[in-house]
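Colleague: Before anything else, here's the structure in question.
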Amino acid sequence: MLIAKERGCEVRIGTGVRRVRVEKIGANERVTGVELEDGTLLPASIVVSTSSARTTVTKLVGAAHFPESYVDRVMKIVGSMIAVQAKIGLKKRLVDAGCIVGGVGDGVDLLNVSTGDMKEMFASVTRGEVPPIVPFYCPVPTNFDPDLAPPGHQLLTVCAVAPTSDIALTDAPAAWEEAMLTALEKVVPGLRNEAVFVDRFSVEFIEKWIGKEFGPAVSTAQTPDQVGAKRLPTYTPLRGLYLAGCCAGGRGVGTELAAASAMECTDRILADLGMPLFSRTKSRREMTPLAV
Ligand SMILES: Cc1cc2nc3c(=O)[nH]c(=O)nc-3n(C[C@H](O)[C@H](O)[C@H](O)COP(=O)(O)OP(=O)(O)OC[C@H]3O[C@@H](n4cnc5c(N)ncnc54)[C@H](O)[C@@H]3O)c2cc1C
């Protein structure tokens, strides 16, 4: 954000975009700006959406502004699962590792959890049931930077897989958070006794926070038919509208994928504007300049 400001950008936070404005100019439709939640109109000839492709097309822009085949493709995109999370402040250091990762259940611990257990776990989550083996990962930020907590204290940041909000829950939302904490406590005995605070984050909260319909962690899930060249490109059929982040473009996984997509999108916009690309990267995708 600092670099953006240094380069003359105005950064607005806590301000959602309600609509992307589209107008017919000459023979073609193109984006002409965005309307914020408070009604402010910001004119723009280029809009980059980092929401999901589905939310961008159906909610922010409107499906009528895209060819049917593009809308079909976007509607078929499958999102990833999401997670419940907790930040746990401890009175004393209980964990030596930088991160704990694995699955825990009755008779199953971090060392003997199997691929079969993981398959069963995903089947349960897809049915909206808390799985018998709860997979979680828990980075321990204070083991990298002790200044993140008062002296002698420890911060754990745990998350465990949970269904997105389009899956009907068999087990109530609180049960998923409880199962995550119970699983973690099996690996970190005394966890709750030593806790100064346990801040829990539900799927509902995360969905609102990330602003993507159904709240997937990665809006174009990294399934075999949705990776590499099979991902949506960062450009769209609507002039001036681009996609960046986990929804389109890029390669790899998670935040790395999102960052790669952002660089690819930048290259595409520069090419479309007929401007020179940065030398740091070359997109693997064909860069045919378009008039925007
Ligand atoms: C619980 C959880 C755990 C994860 N763990 C990992 C991990 O360990 N490693 C990893 O690599 N990845 C992880 N991921 C995935 C990673 O966070 C995402 O892949 C990455 O953040 C995607 O980046 P993005 O820029 O596409 O989207 P986001 O990071 O979601 O950013 C999109 C931004 O757009 C904003 N936005 C959305 N709609 C609007 C609107 N209408 N108006 C204005 N702003 C809007 C959102 O508020 C948000 O700030 C995790 C995700 C979650 C949810």
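Every chain in the structure tokens has a letter given in the order shown (A, B, ...), and although residue numbers restart at 1 in each chain, ligands are simply numbered from 1 in the order shown.
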Mind listing the residues within 7 Å of ligand 1, only C-alpha atoms and all ligand atoms counted, as a VMD selection string?

Modeller: chain A and resid 15 to 18 50 to 51 60 82 to 85 159 206 209 to 212 216 to 218 244 to 247 253 to 258

Colleague: Put those residues in a file: N, CA and C atoms, as an mmCIF file, in the first residue's frame.

Modeller:
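And here's selection-v7.cif as it stands now:
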```cif
data_model
loop_
_atom_site.group_PDB
_atom_site.id
_atom_site.type_symbol
_atom_site.label_atom_id
_atom_site.label_comp_id
_atom_site.auth_asym_id
_atom_site.auth_seq_id
_atom_site.Cartn_x
_atom_site.Cartn_y
_atom_site.Cartn_z
ATOM 1 N N THR A 15 -14.131 0.179 1.819
ATOM 2 C CA THR A 15 -15.093 0.744 0.875
ATOM 3 C C THR A 15 -15.374 -0.283 -0.210
ATOM 4 N N GLY A 16 -16.525 -0.904 -0.154
ATOM 5 C CA GLY A 16 -16.836 -1.937 -1.127
ATOM 6 C C GLY A 16 -17.323 -1.352 -2.448
ATOM 7 N N VAL A 17 -17.080 -2.102 -3.507
ATOM 8 C CA VAL A 17 -17.654 -1.747 -4.813
ATOM 9 C C VAL A 17 -19.000 -2.465 -4.937
ATOM 10 N N ARG A 18 -20.053 -1.689 -5.180
ATOM 11 C CA ARG A 18 -21.393 -2.276 -5.313
ATOM 12 C C ARG A 18 -21.642 -2.734 -6.746
ATOM 13 N N THR A 50 -10.812 -8.410 -8.068
ATOM 14 C CA THR A 50 -10.178 -9.549 -7.385
ATOM 15 C C THR A 50 -11.224 -10.344 -6.606
ATOM 16 N N SER A 51 -12.496 -10.089 -6.919
ATOM 17 C CA SER A 51 -13.532 -10.941 -6.350
ATOM 18 C C SER A 51 -13.545 -12.245 -7.164
ATOM 19 N N LEU A 60 -21.438 -7.976 -9.659
ATOM 20 C CA LEU A 60 -20.829 -6.644 -9.789
ATOM 21 C C LEU A 60 -21.080 -6.027 -11.165
ATOM 22 N N ILE A 82 -13.650 -23.868 2.449
ATOM 23 C CA ILE A 82 -13.153 -22.762 3.260
ATOM 24 C C ILE A 82 -12.721 -23.350 4.609
ATOM 25 N N ALA A 83 -12.553 -22.511 5.607
ATOM 26 C CA ALA A 83 -12.068 -23.005 6.889
ATOM 27 C C ALA A 83 -12.701 -22.216 8.023
ATOM 28 N N VAL A 84 -12.791 -22.844 9.192
ATOM 29 C CA VAL A 84 -13.017 -22.068 10.408
ATOM 30 C C VAL A 84 -11.637 -21.774 10.976
ATOM 31 N N GLN A 85 -11.553 -20.708 11.751
ATOM 32 C CA GLN A 85 -10.234 -20.298 12.239
ATOM 33 C C GLN A 85 -10.301 -19.861 13.684
ATOM 34 N N CYS A 159 -6.413 -23.066 11.628
ATOM 35 C CA CYS A 159 -7.629 -23.181 10.816
ATOM 36 C C CYS A 159 -7.851 -24.638 10.416
ATOM 37 N N ILE A 206 -15.979 -15.176 7.593
ATOM 38 C CA ILE A 206 -14.944 -15.154 6.545
ATOM 39 C C ILE A 206 -15.565 -14.827 5.189
ATOM 40 N N TRP A 209 -16.000 -11.210 5.047
ATOM 41 C CA TRP A 209 -14.695 -10.555 5.071
ATOM 42 C C TRP A 209 -14.043 -10.592 3.681
ATOM 43 N N ILE A 210 -14.089 -11.755 3.008
ATOM 44 C CA ILE A 210 -13.410 -11.822 1.709
ATOM 45 C C ILE A 210 -14.307 -11.378 0.552
ATOM 46 N N GLY A 211 -15.605 -11.271 0.795
ATOM 47 C CA GLY A 211 -16.508 -10.659 -0.185
ATOM 48 C C GLY A 211 -16.805 -11.516 -1.407
ATOM 49 N N LYS A 212 -16.536 -12.825 -1.339
ATOM 50 C CA LYS A 212 -16.798 -13.693 -2.496
ATOM 51 C C LYS A 212 -17.963 -14.604 -2.160
ATOM 52 N N PRO A 216 -15.323 -19.129 -0.700
ATOM 53 C CA PRO A 216 -14.232 -20.098 -0.895
ATOM 54 C C PRO A 216 -12.873 -19.471 -0.559
ATOM 55 N N ALA A 217 -11.947 -20.306 -0.059
ATOM 56 C CA ALA A 217 -10.588 -19.803 0.209
ATOM 57 C C ALA A 217 -9.904 -19.434 -1.107
ATOM 58 N N VAL A 218 -10.149 -20.233 -2.135
ATOM 59 C CA VAL A 218 -9.588 -19.993 -3.472
ATOM 60 C C VAL A 218 -10.778 -20.072 -4.432
ATOM 61 N N ALA A 244 -8.101 -10.519 -11.488
ATOM 62 C CA ALA A 244 -6.786 -10.884 -10.937
ATOM 63 C C ALA A 244 -6.978 -11.571 -9.596
ATOM 64 N N GLY A 245 -5.985 -12.364 -9.218
ATOM 65 C CA GLY A 245 -6.051 -13.057 -7.929
ATOM 66 C C GLY A 245 -6.374 -14.526 -8.121
ATOM 67 N N CYS A 246 -6.978 -15.120 -7.103
ATOM 68 C CA CYS A 246 -7.188 -16.577 -7.160
ATOM 69 C C CYS A 246 -8.284 -16.967 -8.148
ATOM 70 N N CYS A 247 -8.992 -15.994 -8.718
ATOM 71 C CA CYS A 247 -10.084 -16.324 -9.651
ATOM 72 C C CYS A 247 -9.586 -16.639 -11.051
ATOM 73 N N VAL A 253 -0.166 -22.107 -6.301
ATOM 74 C CA VAL A 253 -1.264 -22.259 -5.336
ATOM 75 C C VAL A 253 -1.348 -21.042 -4.414
ATOM 76 N N GLY A 254 -2.516 -20.875 -3.837
ATOM 77 C CA GLY A 254 -2.718 -19.907 -2.748
ATOM 78 C C GLY A 254 -2.266 -18.500 -3.079
ATOM 79 N N THR A 255 -1.582 -17.883 -2.131
ATOM 80 C CA THR A 255 -1.179 -16.483 -2.298
ATOM 81 C C THR A 255 -0.163 -16.321 -3.425
ATOM 82 N N GLU A 256 0.651 -17.377 -3.632
ATOM 83 C CA GLU A 256 1.633 -17.329 -4.726
ATOM 84 C C GLU A 256 0.887 -17.225 -6.074
ATOM 85 N N LEU A 257 -0.161 -18.019 -6.186
ATOM 86 C CA LEU A 257 -0.995 -17.997 -7.400
ATOM 87 C C LEU A 257 -1.610 -16.610 -7.592
ATOM 88 N N ALA A 258 -2.135 -16.058 -6.508
ATOM 89 C CA ALA A 258 -2.797 -14.750 -6.600
ATOM 90 C C ALA A 258 -1.802 -13.670 -7.031
#
```

Colleague: Which residues come within 9 Å of Glu194 in chain A, counting only C-alpha atoms, excluding same-chain residues fewer than 3 positions away, as a count of residues only?

Modeller: 7

Colleague: Determine, using only C-alpha atoms, which residues of range 16-132 of chain A have any atom at most 8 Å from an atom of range 141-149 of chain A, and tabulate each with its shortest atom pair and distance in Å to one decimal place, rows ordered by chain and then rising number, as CSV.

Modeller:
```
residue,atom,partner,partner_atom,distance
A:Asp96,CA,A:Asn143,CA,7.3
A:Ala97,CA,A:Asn143,CA,7.4
A:Gly98,CA,A:Asn143,CA,5.8
```

Colleague: Measuring between only C-alpha atoms, which one of A:Thr234, A:Phe122, A:Gly8, A:Leu241 shows the shortest distance to Asp267 in chain A?

Modeller: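 For Asp267 in chain A, the nearest of the given residues is A:Thr234.
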
Colleague: May I ask for the distance between CA of Met81 in chain A and CA of Ile100 in chain A, given in Å to one decimal place?

Modeller: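 Here the two named atoms are 20.0 Å from each other.
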
Colleague: Given only C-alpha atoms as the basis, pick out the residue of A:Pro233, A:Gly240, A:Leu155, A:Val198 nearest to Asp272 in chain A.

Modeller: A:Gly240

Colleague: Just give me the gap between CA of Leu42 in chain A and CA of Tyr235 in chain A in Å, one decimal is fine.

Modeller: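 Taking CA of Leu42 in chain A and CA of Tyr235 in chain A, their separation equals 20.9 Å.
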
Colleague: Give the answer as one residue: which of A:Thr182, A:Thr164, A:Thr170, A:Thr266 has the shortest atom-to-atom distance to Val47 in chain A, using only C-alpha atoms?

Modeller: A:Thr266

Colleague: How would you write, as a ChimeraX atom specification, the set of residues in range 42-263 of chain A that DSSP gives as strand (DSSP E)?

Modeller: /A:42-43,47-49,82-90,99-104,134-139,154-162,195-201,241-243

Colleague: Would you save the residues of that selection, restricted to C-alpha atoms, as an mmCIF file, in the first residue's frame?

Modeller:
```cif
data_model
loop_
_atom_site.group_PDB
_atom_site.id
_atom_site.type_symbol
_atom_site.label_atom_id
_atom_site.label_comp_id
_atom_site.auth_asym_id
_atom_site.auth_seq_id
_atom_site.Cartn_x
_atom_site.Cartn_y
_atom_site.Cartn_z
ATOM 1 C CA LEU A 42 -15.508 6.632 -9.529
ATOM 2 C CA PRO A 43 -14.873 6.932 -13.267
ATOM 3 C CA VAL A 47 -11.389 -2.034 -13.645
ATOM 4 C CA VAL A 48 -9.583 -5.046 -12.133
ATOM 5 C CA SER A 49 -11.760 -7.283 -9.994
ATOM 6 C CA ILE A 82 -13.153 -22.762 3.260
ATOM 7 C CA ALA A 83 -12.068 -23.005 6.889
ATOM 8 C CA VAL A 84 -13.017 -22.068 10.408
ATOM 9 C CA GLN A 85 -10.234 -20.298 12.239
ATOM 10 C CA ALA A 86 -9.080 -19.225 15.674
ATOM 11 C CA LYS A 87 -6.376 -16.968 17.027
ATOM 12 C CA ILE A 88 -5.297 -18.230 20.434
ATOM 13 C CA GLY A 89 -3.214 -16.168 22.861
ATOM 14 C CA LEU A 90 -1.375 -18.317 25.417
ATOM 15 C CA CYS A 99 3.707 -24.735 12.362
ATOM 16 C CA ILE A 100 1.637 -27.824 13.192
ATOM 17 C CA VAL A 101 -0.036 -29.534 10.233
ATOM 18 C CA GLY A 102 -2.052 -32.737 9.985
ATOM 19 C CA GLY A 103 -5.229 -34.543 10.893
ATOM 20 C CA VAL A 104 -6.363 -35.786 14.282
ATOM 21 C CA VAL A 134 -10.173 -33.057 11.665
ATOM 22 C CA PRO A 135 -7.377 -31.784 9.421
ATOM 23 C CA PHE A 136 -5.912 -28.484 10.543
ATOM 24 C CA TYR A 137 -2.855 -26.354 10.252
ATOM 25 C CA CYS A 138 -1.598 -24.011 12.870
ATOM 26 C CA PRO A 139 1.219 -21.553 12.210
ATOM 27 C CA GLN A 154 2.582 -17.378 22.494
ATOM 28 C CA LEU A 155 0.179 -16.833 19.602
ATOM 29 C CA LEU A 156 -1.346 -19.769 17.691
ATOM 30 C CA THR A 157 -3.312 -19.213 14.471
ATOM 31 C CA VAL A 158 -5.230 -22.361 13.628
ATOM 32 C CA CYS A 159 -7.629 -23.181 10.816
ATOM 33 C CA ALA A 160 -9.522 -26.340 9.882
ATOM 34 C CA VAL A 161 -11.367 -27.159 6.676
ATOM 35 C CA ALA A 162 -15.120 -26.391 6.594
ATOM 36 C CA ALA A 195 -5.422 -19.409 26.879
ATOM 37 C CA VAL A 196 -5.692 -15.674 27.556
ATOM 38 C CA PHE A 197 -8.098 -15.395 24.632
ATOM 39 C CA VAL A 198 -9.551 -17.564 21.861
ATOM 40 C CA ASP A 199 -10.879 -15.465 18.963
ATOM 41 C CA ARG A 200 -12.982 -17.665 16.703
ATOM 42 C CA PHE A 201 -13.845 -16.961 13.067
ATOM 43 C CA LEU A 241 -12.631 -5.327 -17.274
ATOM 44 C CA TYR A 242 -9.884 -7.594 -15.951
ATOM 45 C CA LEU A 243 -9.699 -10.298 -13.290
#
```

Colleague: Could you please determine the separation between CA of Arg30 in chain A and CA of Arg239 in chain A in Å, to one decimal place?

Modeller: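 Between these atoms lies a distance of 4.6 Å.
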
Colleague: Which one is closest to Met75 in chain A: A:Ala174, A:Cys265, A:Leu232, A:Met118? Count only C-alpha atoms.

Modeller: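 Closest candidate: A:Leu232.
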
Colleague: For a quick check of understanding, using only C-alpha atoms, which of A:Leu238, A:Ala168, A:Ile25, A:Val140 has the smallest distance to His153 in chain A?

Modeller: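 Counting only C-alpha atoms, the residue closest to His153 in chain A is A:Val140.
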
Colleague: Taking the backbone alone, and naming residues the way the document does, which bits of range 40-281 of chain A are helix (DSSP H, G or I) by DSSP, as JSON, numbers by chain?

Modeller: {"A": [53, 54, 55, 56, 57, 58, 59, 60, 61, 63, 64, 65, 68, 69, 70, 71, 72, 73, 74, 75, 76, 115, 116, 117, 118, 119, 120, 121, 122, 123, 124, 125, 126, 141, 142, 143, 146, 147, 148, 173, 174, 175, 176, 177, 178, 179, 180, 181, 182, 183, 184, 185, 186, 187, 203, 204, 205, 206, 207, 208, 209, 210, 224, 225, 226, 228, 229, 230, 254, 255, 256, 257, 258, 259, 260, 261, 262, 263, 264, 265, 266, 267, 268, 269, 270, 271, 272]}

Colleague: Just the selected residues (C-alpha atoms), exported as a PDB file, in the first residue's frame, please.

Modeller:
```pdb
ATOM      1  CA  ALA A  53     -15.307 -14.595 -11.437  1.00  0.00           C
ATOM      2  CA  ARG A  54     -18.867 -15.625 -10.534  1.00  0.00           C
ATOM      3  CA  THR A  55     -19.435 -12.662  -8.186  1.00  0.00           C
ATOM      4  CA  THR A  56     -17.827 -10.281 -10.687  1.00  0.00           C
ATOM      5  CA  VAL A  57     -19.964 -11.451 -13.599  1.00  0.00           C
ATOM      6  CA  THR A  58     -23.294 -12.025 -11.867  1.00  0.00           C
ATOM      7  CA  LYS A  59     -23.293  -9.444  -9.058  1.00  0.00           C
ATOM      8  CA  LEU A  60     -20.829  -6.644  -9.789  1.00  0.00           C
ATOM      9  CA  VAL A  61     -21.233  -6.323 -13.564  1.00  0.00           C
ATOM     10  CA  ALA A  63     -24.391 -11.409 -16.791  1.00  0.00           C
ATOM     11  CA  ALA A  64     -26.196  -9.537 -19.593  1.00  0.00           C
ATOM     12  CA  HIS A  65     -22.963  -7.694 -20.419  1.00  0.00           C
ATOM     13  CA  GLU A  68     -23.503 -16.475 -22.998  1.00  0.00           C
ATOM     14  CA  SER A  69     -20.581 -18.878 -23.466  1.00  0.00           C
ATOM     15  CA  TYR A  70     -18.449 -16.827 -21.053  1.00  0.00           C
ATOM     16  CA  VAL A  71     -21.223 -16.735 -18.433  1.00  0.00           C
ATOM     17  CA  ASP A  72     -21.647 -20.517 -18.824  1.00  0.00           C
ATOM     18  CA  ARG A  73     -17.951 -21.066 -18.288  1.00  0.00           C
ATOM     19  CA  VAL A  74     -17.864 -18.827 -15.229  1.00  0.00           C
ATOM     20  CA  MET A  75     -20.927 -20.487 -13.680  1.00  0.00           C
ATOM     21  CA  LYS A  76     -19.266 -23.903 -14.032  1.00  0.00           C
ATOM     22  CA  THR A 115      -4.709 -40.738   2.460  1.00  0.00           C
ATOM     23  CA  GLY A 116      -7.874 -42.802   3.075  1.00  0.00           C
ATOM     24  CA  ASP A 117      -8.570 -40.724   6.204  1.00  0.00           C
ATOM     25  CA  MET A 118      -8.230 -37.563   4.119  1.00  0.00           C
ATOM     26  CA  LYS A 119     -10.642 -38.884   1.466  1.00  0.00           C
ATOM     27  CA  GLU A 120     -13.168 -39.766   4.177  1.00  0.00           C
ATOM     28  CA  MET A 121     -12.686 -36.341   5.678  1.00  0.00           C
ATOM     29  CA  PHE A 122     -13.504 -34.577   2.371  1.00  0.00           C
ATOM     30  CA  ALA A 123     -16.588 -36.782   1.883  1.00  0.00           C
ATOM     31  CA  SER A 124     -17.861 -35.742   5.356  1.00  0.00           C
ATOM     32  CA  VAL A 125     -17.196 -32.054   4.716  1.00  0.00           C
ATOM     33  CA  THR A 126     -19.041 -32.257   1.384  1.00  0.00           C
ATOM     34  CA  PRO A 141       3.754 -16.532  14.444  1.00  0.00           C
ATOM     35  CA  THR A 142       5.491 -15.776  17.782  1.00  0.00           C
ATOM     36  CA  ASN A 143       8.008 -18.559  17.119  1.00  0.00           C
ATOM     37  CA  PRO A 146       8.437 -13.077  19.636  1.00  0.00           C
ATOM     38  CA  ASP A 147       7.495  -9.360  19.621  1.00  0.00           C
ATOM     39  CA  LEU A 148       4.040 -10.327  18.345  1.00  0.00           C
ATOM     40  CA  PRO A 173     -21.452 -23.769  12.683  1.00  0.00           C
ATOM     41  CA  ALA A 174     -20.187 -23.724  16.294  1.00  0.00           C
ATOM     42  CA  ALA A 175     -19.539 -27.508  16.145  1.00  0.00           C
ATOM     43  CA  TRP A 176     -16.900 -26.973  13.437  1.00  0.00           C
ATOM     44  CA  GLU A 177     -15.007 -24.452  15.559  1.00  0.00           C
ATOM     45  CA  GLU A 178     -15.264 -26.721  18.606  1.00  0.00           C
ATOM     46  CA  ALA A 179     -13.983 -29.747  16.644  1.00  0.00           C
ATOM     47  CA  MET A 180     -10.986 -27.704  15.451  1.00  0.00           C
ATOM     48  CA  LEU A 181     -10.098 -26.639  19.016  1.00  0.00           C
ATOM     49  CA  THR A 182     -10.580 -30.189  20.338  1.00  0.00           C
ATOM     50  CA  ALA A 183      -8.274 -31.544  17.596  1.00  0.00           C
ATOM     51  CA  LEU A 184      -5.629 -28.921  18.354  1.00  0.00           C
ATOM     52  CA  GLU A 185      -5.849 -29.591  22.096  1.00  0.00           C
ATOM     53  CA  LYS A 186      -5.046 -33.263  21.471  1.00  0.00           C
ATOM     54  CA  VAL A 187      -1.743 -32.124  19.984  1.00  0.00           C
ATOM     55  CA  VAL A 203     -17.418 -19.384   7.824  1.00  0.00           C
ATOM     56  CA  GLU A 204     -20.114 -16.688   7.804  1.00  0.00           C
ATOM     57  CA  PHE A 205     -17.607 -14.115   9.070  1.00  0.00           C
ATOM     58  CA  ILE A 206     -14.944 -15.154   6.545  1.00  0.00           C
ATOM     59  CA  GLU A 207     -17.441 -15.042   3.662  1.00  0.00           C
ATOM     60  CA  LYS A 208     -18.337 -11.430   4.532  1.00  0.00           C
ATOM     61  CA  TRP A 209     -14.695 -10.555   5.071  1.00  0.00           C
ATOM     62  CA  ILE A 210     -13.410 -11.822   1.709  1.00  0.00           C
ATOM     63  CA  PRO A 224      -7.095 -30.731 -12.252  1.00  0.00           C
ATOM     64  CA  ASP A 225      -9.602 -29.268 -14.721  1.00  0.00           C
ATOM     65  CA  GLN A 226      -9.165 -25.696 -13.406  1.00  0.00           C
ATOM     66  CA  GLY A 228      -2.686 -24.103 -15.729  1.00  0.00           C
ATOM     67  CA  ALA A 229      -3.980 -23.214 -19.178  1.00  0.00           C
ATOM     68  CA  LYS A 230      -7.472 -24.278 -18.067  1.00  0.00           C
ATOM     69  CA  GLY A 254      -2.718 -19.907  -2.748  1.00  0.00           C
ATOM     70  CA  THR A 255      -1.179 -16.483  -2.298  1.00  0.00           C
ATOM     71  CA  GLU A 256       1.633 -17.329  -4.726  1.00  0.00           C
ATOM     72  CA  LEU A 257      -0.995 -17.997  -7.400  1.00  0.00           C
ATOM     73  CA  ALA A 258      -2.797 -14.750  -6.600  1.00  0.00           C
ATOM     74  CA  ALA A 259       0.432 -12.731  -6.820  1.00  0.00           C
ATOM     75  CA  ALA A 260       1.424 -14.419 -10.121  1.00  0.00           C
ATOM     76  CA  SER A 261      -2.025 -13.617 -11.484  1.00  0.00           C
ATOM     77  CA  ALA A 262      -1.693  -9.950 -10.471  1.00  0.00           C
ATOM     78  CA  MET A 263       1.614  -9.675 -12.372  1.00  0.00           C
ATOM     79  CA  GLU A 264       0.115 -11.428 -15.389  1.00  0.00           C
ATOM     80  CA  CYS A 265      -2.882  -9.087 -15.303  1.00  0.00           C
ATOM     81  CA  THR A 266      -0.594  -6.041 -15.152  1.00  0.00           C
ATOM     82  CA  ASP A 267       1.289  -7.312 -18.193  1.00  0.00           C
ATOM     83  CA  ARG A 268      -1.940  -7.859 -20.050  1.00  0.00           C
ATOM     84  CA  ILE A 269      -3.192  -4.343 -19.311  1.00  0.00           C
ATOM     85  CA  LEU A 270       0.130  -2.810 -20.381  1.00  0.00           C
ATOM     86  CA  ALA A 271       0.047  -4.840 -23.607  1.00  0.00           C
ATOM     87  CA  ASP A 272      -3.556  -3.791 -24.272  1.00  0.00           C
TER      88      ASP A 272
END
```
